[in-house]
Each structure stands twice: as C-alpha cells, then as structure tokens.
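Novice: If it helps, the file is called my_file00.tsv and holds TSV, C-alpha atoms and all ligand atoms:
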chain	number	residue	atom	x	y	z
A	124	MET	CA	-3.98	-8.07	15.76
A	125	ILE	CA	-5.47	-11.52	15.25
A	126	LEU	CA	-3.63	-14.27	17.11
A	127	ASP	CA	-3.69	-16.92	14.40
A	128	GLY	CA	-3.54	-20.31	16.12
A	129	LYS	CA	-4.12	-22.17	12.88
A	130	LYS	CA	-1.06	-20.67	11.18
A	131	THR	CA	1.09	-20.98	14.30
A	132	SER	CA	0.10	-24.62	14.82
A	133	GLU	CA	0.80	-25.49	11.17
A	134	LYS	CA	4.30	-24.07	11.51
A	135	ARG	CA	4.94	-26.00	14.72
A	136	LEU	CA	3.54	-29.25	13.32
A	137	GLU	CA	5.99	-28.98	10.39
A	138	LEU	CA	8.86	-28.34	12.78
A	139	LEU	CA	7.82	-31.21	15.04
A	140	LYS	CA	7.58	-33.59	12.08
A	141	GLU	CA	11.19	-32.75	11.19
A	142	GLN	CA	12.32	-33.26	14.78
A	143	ILE	CA	10.56	-36.62	15.03
A	144	ASP	CA	12.03	-37.74	11.67
A	145	GLU	CA	15.52	-36.77	12.80
A	146	SER	CA	15.14	-38.43	16.21
A	147	GLY	CA	14.69	-41.91	14.78
A	148	LEU	CA	11.98	-42.43	17.39
A	149	TYR	CA	8.48	-43.63	16.70
A	150	PRO	CA	6.34	-42.10	19.45
A	151	ARG	CA	3.03	-43.77	20.24
A	152	LEU	CA	-0.12	-42.21	21.67
A	153	ALA	CA	-3.16	-44.08	22.96
A	154	THR	CA	-6.52	-42.38	23.29
A	155	VAL	CA	-9.39	-43.69	25.37
A	156	ILE	CA	-12.91	-42.48	24.64
A	157	VAL	CA	-16.01	-43.56	26.53
A	158	GLY	CA	-19.42	-43.23	24.89
A	159	ASP	CA	-20.48	-41.62	21.65
A	160	ASP	CA	-20.58	-37.88	22.29
A	161	PRO	CA	-20.09	-36.40	18.78
A	162	ALA	CA	-17.94	-33.47	19.96
A	163	SER	CA	-15.57	-35.76	21.90
A	164	GLN	CA	-15.39	-38.13	18.93
A	165	MET	CA	-14.50	-35.23	16.65
A	166	TYR	CA	-11.74	-33.99	19.00
A	167	VAL	CA	-10.25	-37.47	19.24
A	168	ARG	CA	-10.37	-37.87	15.45
A	169	MET	CA	-8.53	-34.56	15.07
A	170	LYS	CA	-5.86	-35.73	17.51
A	171	HIS	CA	-5.34	-38.97	15.57
A	172	ARG	CA	-5.12	-37.03	12.31
A	173	ALA	CA	-2.46	-34.73	13.79
A	174	CYS	CA	-0.51	-37.80	14.95
A	175	GLU	CA	-0.47	-39.13	11.41
A	176	ARG	CA	0.80	-35.80	10.08
A	177	VAL	CA	3.82	-35.61	12.39
A	178	GLY	CA	4.82	-39.27	12.48
A	179	ILE	CA	3.30	-40.38	15.78
A	180	ALA	CA	1.58	-43.76	15.83
A	181	SER	CA	-1.77	-43.73	17.55
A	182	ILE	CA	-4.26	-46.27	18.77
A	183	GLY	CA	-7.80	-45.49	19.82
A	184	ILE	CA	-9.66	-47.43	22.50
A	185	GLU	CA	-13.42	-47.03	22.52
A	186	LEU	CA	-15.62	-48.05	25.43
A	187	PRO	CA	-19.43	-48.04	25.53
A	188	ALA	CA	-21.37	-45.18	27.15
A	189	ASP	CA	-22.34	-47.41	30.08
A	190	ALA	CA	-18.74	-48.44	30.87
A	191	THR	CA	-17.84	-48.58	34.57
A	192	THR	CA	-14.89	-46.95	36.32
A	193	GLU	CA	-13.29	-50.42	36.57
A	194	MET	CA	-13.56	-50.94	32.81
A	195	VAL	CA	-11.81	-47.64	32.12
A	196	LEU	CA	-9.16	-48.37	34.77
A	197	GLU	CA	-8.47	-51.76	33.21
A	198	GLN	CA	-7.58	-50.09	29.91
A	199	VAL	CA	-5.48	-47.40	31.58
A	200	VAL	CA	-3.50	-49.99	33.58
A	201	ARG	CA	-2.91	-52.03	30.43
A	202	LEU	CA	-1.60	-48.95	28.59
A	203	ASN	CA	0.56	-47.95	31.59
A	204	ASP	CA	2.17	-51.39	31.45
A	205	ASP	CA	2.64	-51.40	27.67
A	206	PRO	CA	6.25	-50.34	26.95
A	207	ASP	CA	5.31	-49.47	23.35
A	208	ILE	CA	2.91	-46.72	24.47
A	209	ASN	CA	4.47	-43.34	25.34
A	210	GLY	CA	1.41	-41.18	25.92
A	211	ILE	CA	-2.10	-41.85	27.25
A	212	LEU	CA	-5.03	-39.50	26.76
A	213	VAL	CA	-8.42	-40.21	28.31
A	214	GLN	CA	-10.89	-37.92	26.57
A	215	LEU	CA	-12.97	-35.83	29.00
A	216	PRO	CA	-15.70	-35.44	30.04
A	217	LEU	CA	-16.32	-39.05	31.07
A	218	PRO	CA	-19.89	-40.25	31.62
A	219	LEU	CA	-21.24	-39.46	35.10
A	220	GLN	CA	-21.01	-43.05	36.38
A	221	VAL	CA	-17.24	-43.06	35.79
A	222	ASP	CA	-15.12	-41.57	38.58
A	223	SER	CA	-13.02	-39.14	36.51
A	224	GLN	CA	-10.57	-38.25	39.26
A	225	THR	CA	-9.75	-41.92	39.93
A	226	VAL	CA	-9.14	-42.43	36.20
A	227	ILE	CA	-6.95	-39.31	35.94
A	228	GLU	CA	-4.89	-40.45	38.92
A	229	ALA	CA	-4.48	-43.93	37.43
A	230	VAL	CA	-2.59	-42.66	34.36
A	231	ALA	CA	1.15	-43.15	34.88
A	232	PRO	CA	2.53	-39.61	35.38
A	233	HIS	CA	5.33	-40.19	32.83
A	234	LYS	CA	2.70	-41.05	30.18
A	235	ASP	CA	0.26	-38.31	31.21
A	236	VAL	CA	0.54	-36.16	28.08
A	237	ASP	CA	-2.64	-34.31	29.09
A	238	GLY	CA	-0.92	-33.14	32.28
A	239	PHE	CA	-4.01	-33.67	34.43
A	240	HIS	CA	-2.44	-36.03	36.99
A	241	PRO	CA	-2.10	-34.30	40.40
A	242	LEU	CA	1.64	-34.95	40.32
A	243	ASN	CA	2.04	-33.08	37.03
A	244	LEU	CA	-0.27	-30.26	38.18
A	245	GLY	CA	1.81	-30.11	41.38
A	246	TYR	CA	5.07	-29.81	39.43
A	247	LEU	CA	3.49	-27.00	37.41
A	248	PHE	CA	2.33	-25.15	40.52
A	249	SER	CA	5.72	-25.55	42.16
A	250	GLY	CA	7.29	-23.83	39.17
A	251	GLU	CA	8.99	-26.98	37.84
A	252	PRO	CA	6.63	-28.10	35.06
A	253	ARG	CA	6.84	-31.53	33.45
A	254	PHE	CA	3.72	-32.34	31.43
A	255	VAL	CA	1.54	-29.24	31.20
A	256	PRO	CA	-2.15	-29.38	30.13
A	257	CYS	CA	-2.26	-28.81	26.38
A	258	THR	CA	-4.69	-25.90	26.11
A	259	PRO	CA	-2.95	-23.50	28.52
A	260	ALA	CA	0.49	-24.58	27.32
A	261	GLY	CA	-0.64	-23.91	23.73
A	262	ILE	CA	-1.86	-20.46	24.76
A	263	MET	CA	1.57	-19.62	26.20
A	264	THR	CA	3.13	-20.74	22.91
A	265	LEU	CA	0.71	-18.53	20.99
A	266	LEU	CA	1.50	-15.50	23.18
A	267	ASP	CA	5.20	-16.18	22.68
A	268	GLU	CA	4.78	-16.48	18.91
A	269	TYR	CA	3.38	-12.94	18.85
A	270	ASP	CA	6.04	-11.62	21.27
A	271	ILE	CA	3.46	-10.85	23.94
A	272	GLU	CA	5.36	-10.51	27.19
A	273	CYS	CA	3.63	-11.63	30.40
A	274	GLY	CA	6.14	-10.37	32.99
A	275	GLY	CA	4.64	-7.65	35.19
A	276	LYS	CA	1.30	-7.75	33.35
A	277	HIS	CA	-2.02	-8.22	35.07
A	278	ALA	CA	-3.54	-11.44	33.73
A	279	VAL	CA	-7.14	-12.30	34.51
A	280	VAL	CA	-8.27	-15.90	33.98
A	281	VAL	CA	-12.02	-16.54	33.95
A	282	GLY	CA	-12.58	-20.22	34.80
A	283	ARG	CA	-10.99	-22.57	37.33
A	284	SER	CA	-11.07	-26.02	35.69
A	285	ILE	CA	-8.12	-28.39	36.00
A	286	ASP	CA	-7.73	-28.56	32.21
A	287	VAL	CA	-7.63	-24.81	31.57
A	288	GLY	CA	-8.22	-22.20	34.30
A	289	ARG	CA	-5.99	-23.48	37.09
A	290	PRO	CA	-2.98	-24.53	34.97
A	291	MET	CA	-3.35	-21.33	32.90
A	292	ALA	CA	-3.03	-19.26	36.08
A	293	ALA	CA	0.04	-21.26	37.14
A	294	LEU	CA	1.74	-20.79	33.76
A	295	LEU	CA	1.08	-17.05	33.79
A	296	LEU	CA	2.40	-16.83	37.35
A	297	ASN	CA	5.50	-18.80	36.35
A	298	ALA	CA	5.93	-16.21	33.56
A	299	ASN	CA	5.88	-13.43	36.18
A	300	ALA	CA	2.38	-12.08	35.54
A	301	THR	CA	0.17	-10.88	38.39
A	302	VAL	CA	-2.74	-13.28	38.20
A	303	THR	CA	-6.40	-13.03	39.15
A	304	ILE	CA	-8.60	-16.12	38.85
A	305	CYS	CA	-12.33	-15.47	38.43
A	306	HIS	CA	-15.12	-18.05	38.38
A	307	SER	CA	-18.87	-18.52	38.55
A	308	ARG	CA	-19.04	-17.22	42.14
A	309	THR	CA	-16.95	-14.10	41.49
A	310	ARG	CA	-18.85	-10.94	42.33
A	311	ASP	CA	-18.93	-8.11	39.81
A	312	LEU	CA	-16.82	-9.91	37.22
A	313	ALA	CA	-16.38	-6.84	35.01
A	314	THR	CA	-14.46	-4.93	37.71
A	315	HIS	CA	-11.81	-7.66	37.43
A	316	THR	CA	-11.85	-8.23	33.67
A	317	THR	CA	-11.59	-4.50	32.87
A	318	ARG	CA	-8.32	-4.42	34.81
A	319	ALA	CA	-6.74	-7.16	32.70
A	320	ASP	CA	-3.78	-6.57	30.40
A	321	ILE	CA	-4.22	-10.20	29.37
A	322	LEU	CA	-7.72	-11.66	29.60
A	323	ILE	CA	-8.26	-15.41	29.22
A	324	SER	CA	-11.84	-16.64	29.02
A	325	ALA	CA	-12.58	-20.32	29.66
A	326	VAL	CA	-16.20	-20.12	30.64
A	327	GLY	CA	-18.10	-22.11	28.01
A	328	ARG	CA	-20.84	-19.55	27.36
A	329	ALA	CA	-21.44	-18.09	23.91
A	330	ARG	CA	-20.39	-14.42	23.54
A	331	PHE	CA	-20.16	-14.03	27.33
A	332	VAL	CA	-17.31	-11.51	27.24
A	333	THR	CA	-18.55	-8.22	25.82
A	334	ARG	CA	-16.79	-5.01	24.88
A	335	GLU	CA	-17.69	-3.37	28.22
A	336	MET	CA	-15.73	-6.10	30.05
A	337	VAL	CA	-12.46	-5.46	28.20
A	338	ARG	CA	-9.89	-2.75	28.73
A	339	GLU	CA	-8.69	-0.76	25.70
A	340	GLY	CA	-5.46	-2.36	24.47
A	341	ALA	CA	-5.90	-5.69	26.25
A	342	VAL	CA	-4.83	-9.06	24.85
A	343	VAL	CA	-7.89	-11.34	24.76
A	344	ILE	CA	-7.66	-15.14	24.54
A	345	ASP	CA	-10.85	-17.06	23.86
A	346	VAL	CA	-10.86	-20.70	25.01
A	347	GLY	CA	-14.60	-21.23	24.50
A	348	ILE	CA	-16.06	-23.60	21.93
A	349	ASN	CA	-19.80	-22.97	22.08
A	350	GLN	CA	-22.86	-22.94	19.90
A	351	ASP	CA	-25.08	-19.86	19.75
A	352	GLU	CA	-28.89	-19.97	19.50
A	353	GLN	CA	-28.63	-20.48	15.73
A	354	GLY	CA	-26.27	-23.42	16.22
A	355	ASN	CA	-23.21	-21.51	14.94
A	356	LEU	CA	-19.81	-22.28	16.44
A	357	CYS	CA	-18.63	-19.35	18.56
A	358	GLY	CA	-16.29	-18.59	21.43
A	359	ASP	CA	-16.80	-17.06	24.88
A	360	VAL	CA	-15.93	-13.65	23.48
A	361	ASP	CA	-18.18	-11.41	21.42
A	362	PHE	CA	-15.50	-11.14	18.74
A	363	GLU	CA	-17.08	-8.38	16.64
A	364	SER	CA	-17.34	-5.83	19.45
A	365	VAL	CA	-14.30	-6.87	21.49
A	366	GLN	CA	-11.91	-6.70	18.53
A	367	GLU	CA	-12.58	-2.94	18.39
A	368	VAL	CA	-10.99	-2.41	21.82
A	369	ALA	CA	-8.50	-5.28	22.11
A	370	ALA	CA	-4.90	-4.91	20.95
A	371	ALA	CA	-4.83	-8.62	20.10
A	372	ILE	CA	-7.49	-11.32	20.08
A	373	SER	CA	-7.66	-15.04	19.31
A	374	PRO	CA	-10.52	-16.11	17.03
A	375	VAL	CA	-12.84	-19.12	17.30
A	376	PRO	CA	-12.29	-21.27	15.36
A	377	GLY	CA	-8.62	-20.98	14.41
A	378	GLY	CA	-7.26	-19.66	17.71
A	379	VAL	CA	-6.68	-21.80	20.78
A	380	GLY	CA	-8.08	-25.11	19.42
A	381	PRO	CA	-5.25	-25.91	16.96
A	382	MET	CA	-2.69	-24.91	19.61
A	383	THR	CA	-4.11	-27.52	21.98
A	384	ILE	CA	-3.58	-30.24	19.41
A	385	VAL	CA	-0.02	-29.30	18.47
A	386	THR	CA	0.89	-29.17	22.17
A	387	LEU	CA	-0.46	-32.69	22.64
A	388	MET	CA	1.84	-33.81	19.80
A	389	GLU	CA	4.79	-32.01	21.43
A	390	ASN	CA	4.04	-33.60	24.81
A	391	THR	CA	3.84	-37.05	23.21
A	392	PHE	CA	7.21	-36.59	21.48
A	393	GLU	CA	8.69	-35.43	24.79
A	394	ALA	CA	7.30	-38.55	26.51
A	395	ALA	CA	8.95	-40.73	23.85
A	396	ARG	CA	12.27	-38.90	24.11
A	397	ALA	CA	12.29	-39.16	27.89
A	398	SER	CA	11.42	-42.84	27.73
A	399	ALA	CA	14.18	-43.52	25.16
A	400	CYS	CA	16.87	-42.13	27.43
A	401	GLY	CA	15.39	-43.33	30.71
A	402	ARG	CA	14.73	-39.95	32.27
A	403	VAL	CA	11.57	-38.35	33.65
A	404	PRO	CA	9.78	-36.09	31.15
X	501	LIG	N1	-11.83	-32.51	26.81
X	501	LIG	C1	-11.77	-31.18	26.52
X	501	LIG	N2	-10.49	-30.78	26.43
X	501	LIG	C2	-9.73	-31.86	26.67
X	501	LIG	C3	-8.33	-32.08	26.71
X	501	LIG	O1	-7.50	-31.19	26.52
X	501	LIG	N3	-7.94	-33.35	26.98
X	501	LIG	C4	-8.83	-34.34	27.22
X	501	LIG	N4	-8.35	-35.54	27.52
X	501	LIG	N5	-10.12	-34.18	27.19
X	501	LIG	C5	-10.57	-32.94	26.92
Is it possible to express this structure as structure tokens?
Specialist:
Amino acid sequence: MILDGKKTSEKRLELLKEQIDESGLYPRLATVIVGDDPASQMYVRMKHRACERVGIASIGIELPADATTEMVLEQVVRLNDDPDINGILVQLPLPLQVDSQTVIEAVAPHKDVDGFHPLNLGYLFSGEPRFVPCTPAGIMTLLDEYDIECGGKHAVVVGRSIDVGRPMAALLLNANATVTICHSRTRDLATHTTRADILISAVGRARFVTREMVREGAVVIDVGINQDEQGNLCGDVDFESVQEVAAAISPVPGGVGPMTIVTLMENTFEAARASACGRVP
C-alpha cells in the first residue's frame, strides 16, 4: 500500500478551507527566511502558496545571508508584538552565524506554529501537546488516514532532530507505541530497524534504508528529501526494494512533504482560533 500524502493533504486542505471560510476568521502567517538557499526558498514559497489556497494571509520577511542573530531577533520580536500576526515560522536551517536556539526560543509560544519552542516540545513530551512540529504531526495524520494503529506496535525512529526525530518519538509514545530512537551513533542499526512494525527514517541520506533493514509487513515512513548522485530527488528509503517487503510505504515526493505543509496550515488556523477567543492554543 502506498501512503499517498499528496492525496491526503489535498483532501485536508479542502476541508480546512471550508472551516476557515465558516469561521469568519482571517488567519495570518509570517515567515522569516535568512539567506538565499534555493531549497529553503522553495519550501517557503510552497508554504505561502498553500496559505493562499486555504484563505490564510501570509507575509514573508527576507533577511540577507550575513544577517546577525540580533537582526533575526528584531524581526521575531516585532512579529510577536503584532496583534495581526497569528503564526510565526522561521525557516531552518539558519546560517551558522545566527544562534538558532536563541531565535527559536524568542518566538512567542502561542504563535509558534512550527512547535519548536522548548515550551511546546515540553507540552508534547508531557503528553499534553499544544503546537506540534508539522512533519511528525503530519505523519500521524497520514497513519490515521490509512487506519494504521500505533497502540502496542514497536515503532523505530531513525534520527533525533528537534523538528522530526524527537517529536516523532513523543507522538508515537503518546499513541501507545513502544518506541526506539536510533541515531548516527547507534550500533548495528539494522538489528533495531528489522524489529520495527513502524519504521520512520529521518536521516537525510539517499536510499539509506535498504530491504535488508526492513521487516516483512512493516509500515515504512520516509522523511528524507535527498538528491542521489545523478541529482534526482529521492528519499532515505530505497523505495524499489523496500516496497517488496513493506506492507505500506510513503513515497518521495508525494508522501510526508505535503503533509508537513497542510499541518502548518492547520496549526496556523488553530493559532488564530485560540487568539480570537483568548485561550492558549
Ligand atoms: N526546515 C526544514 N523543515 C522545516 C520545518 O518544518 N520548519 C522550518 N521552520 N524550517 C524547516
């Protein structure tokens, strides 16, 4: 079974558009991008396009590649203080001279639609999620769409980043899975991955997960967006061989990527709704 993130996200974008129309609200998202990395620019463009589709207003702030931490903070503080802005997204990665953690912590938690602020990650890990990082939240939505139950399953997450691996593990734990987190220092990775009922790869290496690393009948989620030696877009998973053993697999492109974007839209609408009735998200 192919876990079609494109189709699922289209359906959810339509639904969200209706909900936003009916709400009478006009949610607003601000993006901040530093530098001119083409991949980051493309992701931000896609986010703005999705905003337009569902009826969210968006503004984009662009800073030069040599911007300082203070320059980024100045924008974040201004957006925090702007009552017309509901959600703030600072596109990562930031250039090396910018202190990313300080920037992430500067975003007001109630506008942190990326869910990277330590307060929001803390709520997630305490089992009381508010804003949840968009990629792992989108993966949970995709699993749910295909009626894939997590309770009692052994889920193995490869990667421990704050945007994917760690929050993914927390979400799976909250959904009653038994969770193993693997990373670059894990010894004998395949002994862990072959025990997974649900295998999530967020490694960032082209075709890293091979058939030998996957148990027959496993659900395989590919978070990677990589280029192979020929410059072709491909995931972390060697799709051709792994699809022969997996019960379900998400493709790249058309799997996790579109789910990330629709979740960002959902988080932004939630921020606007919470703001309109004066409650925390
Ligand atoms: N860079 C890669 N993924 C993401 C994401 O989900 N949010 C932000 N802000 N930056 C990213």
Novice: Please return as a list in words every residue within 9 Å of (6.2, -48.1, 23.3), taking into account only C-alpha atoms and the file's own coordinates.
Specialist: Tyr149, Pro150, Arg151, Leu152, Asp205, Pro206, Asp207, Ile208, Asn209, Gly210, Ala395 and Ser398 of chain A
Novice: Kindly export the residues of the current selection with C-alpha atoms, as a CSV table (one decimal), in the coordinates of the input.
Specialist:
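So part11.csv came out as:
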chain,number,residue,atom,x,y,z
A,149,TYR,CA,8.5,-43.6,16.7
A,150,PRO,CA,6.3,-42.1,19.4
A,151,ARG,CA,3.0,-43.8,20.2
A,152,LEU,CA,-0.1,-42.2,21.7
A,205,ASP,CA,2.6,-51.4,27.7
A,206,PRO,CA,6.2,-50.3,27.0
A,207,ASP,CA,5.3,-49.5,23.4
A,208,ILE,CA,2.9,-46.7,24.5
A,209,ASN,CA,4.5,-43.3,25.3
A,210,GLY,CA,1.4,-41.2,25.9
A,395,ALA,CA,9.0,-40.7,23.8
A,398,SER,CA,11.4,-42.8,27.7
Novice: Please identify every polymer residue within 8 Å of ligand LIG 501 (chain X), using all atoms listed in the file, and present the set as a list of chain:residue names.
Specialist: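 The distance check yields A:Ser163, A:Tyr166, A:Leu212, A:Val213, A:Gln214, A:Leu215, A:Pro216, A:Asp237, A:Pro256, A:Cys257, A:Thr258, A:Asp286, A:Thr383.
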Novice: Could you give me, as a ChimeraX atom specification, the residues within 10 Å of Pro252 of chain A, counting only C-alpha atoms and dropping anything in the same chain fewer than 5 positions from it?
Specialist: /A:238,242-247,293-294,297,404
Novice: As an exercise, work out the distance from atom CA of Thr192 of chain A to atom CA of Val167 of chain A in Å and give it to one decimal place.
Specialist: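 About the pair atom CA of Thr192 of chain A and atom CA of Val167 of chain A: they are 20.1 Å apart.
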Novice: Determine the nearest neighbour of Gly377 of chain A from the options A:Gly274, A:Gly347, A:Glu193, A:Val342, counting all atoms listed in the file.
Specialist: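 Using all atoms listed in the file, the shortest distance to Gly377 of chain A belongs to A:Gly347.
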Novice: What gap, in Å, lies between atom CA of Thr301 of chain A and atom CA of Val279 of chain A?
Specialist: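 Atom CA of Val279 of chain A lies 8.4 Å from atom CA of Thr301 of chain A.
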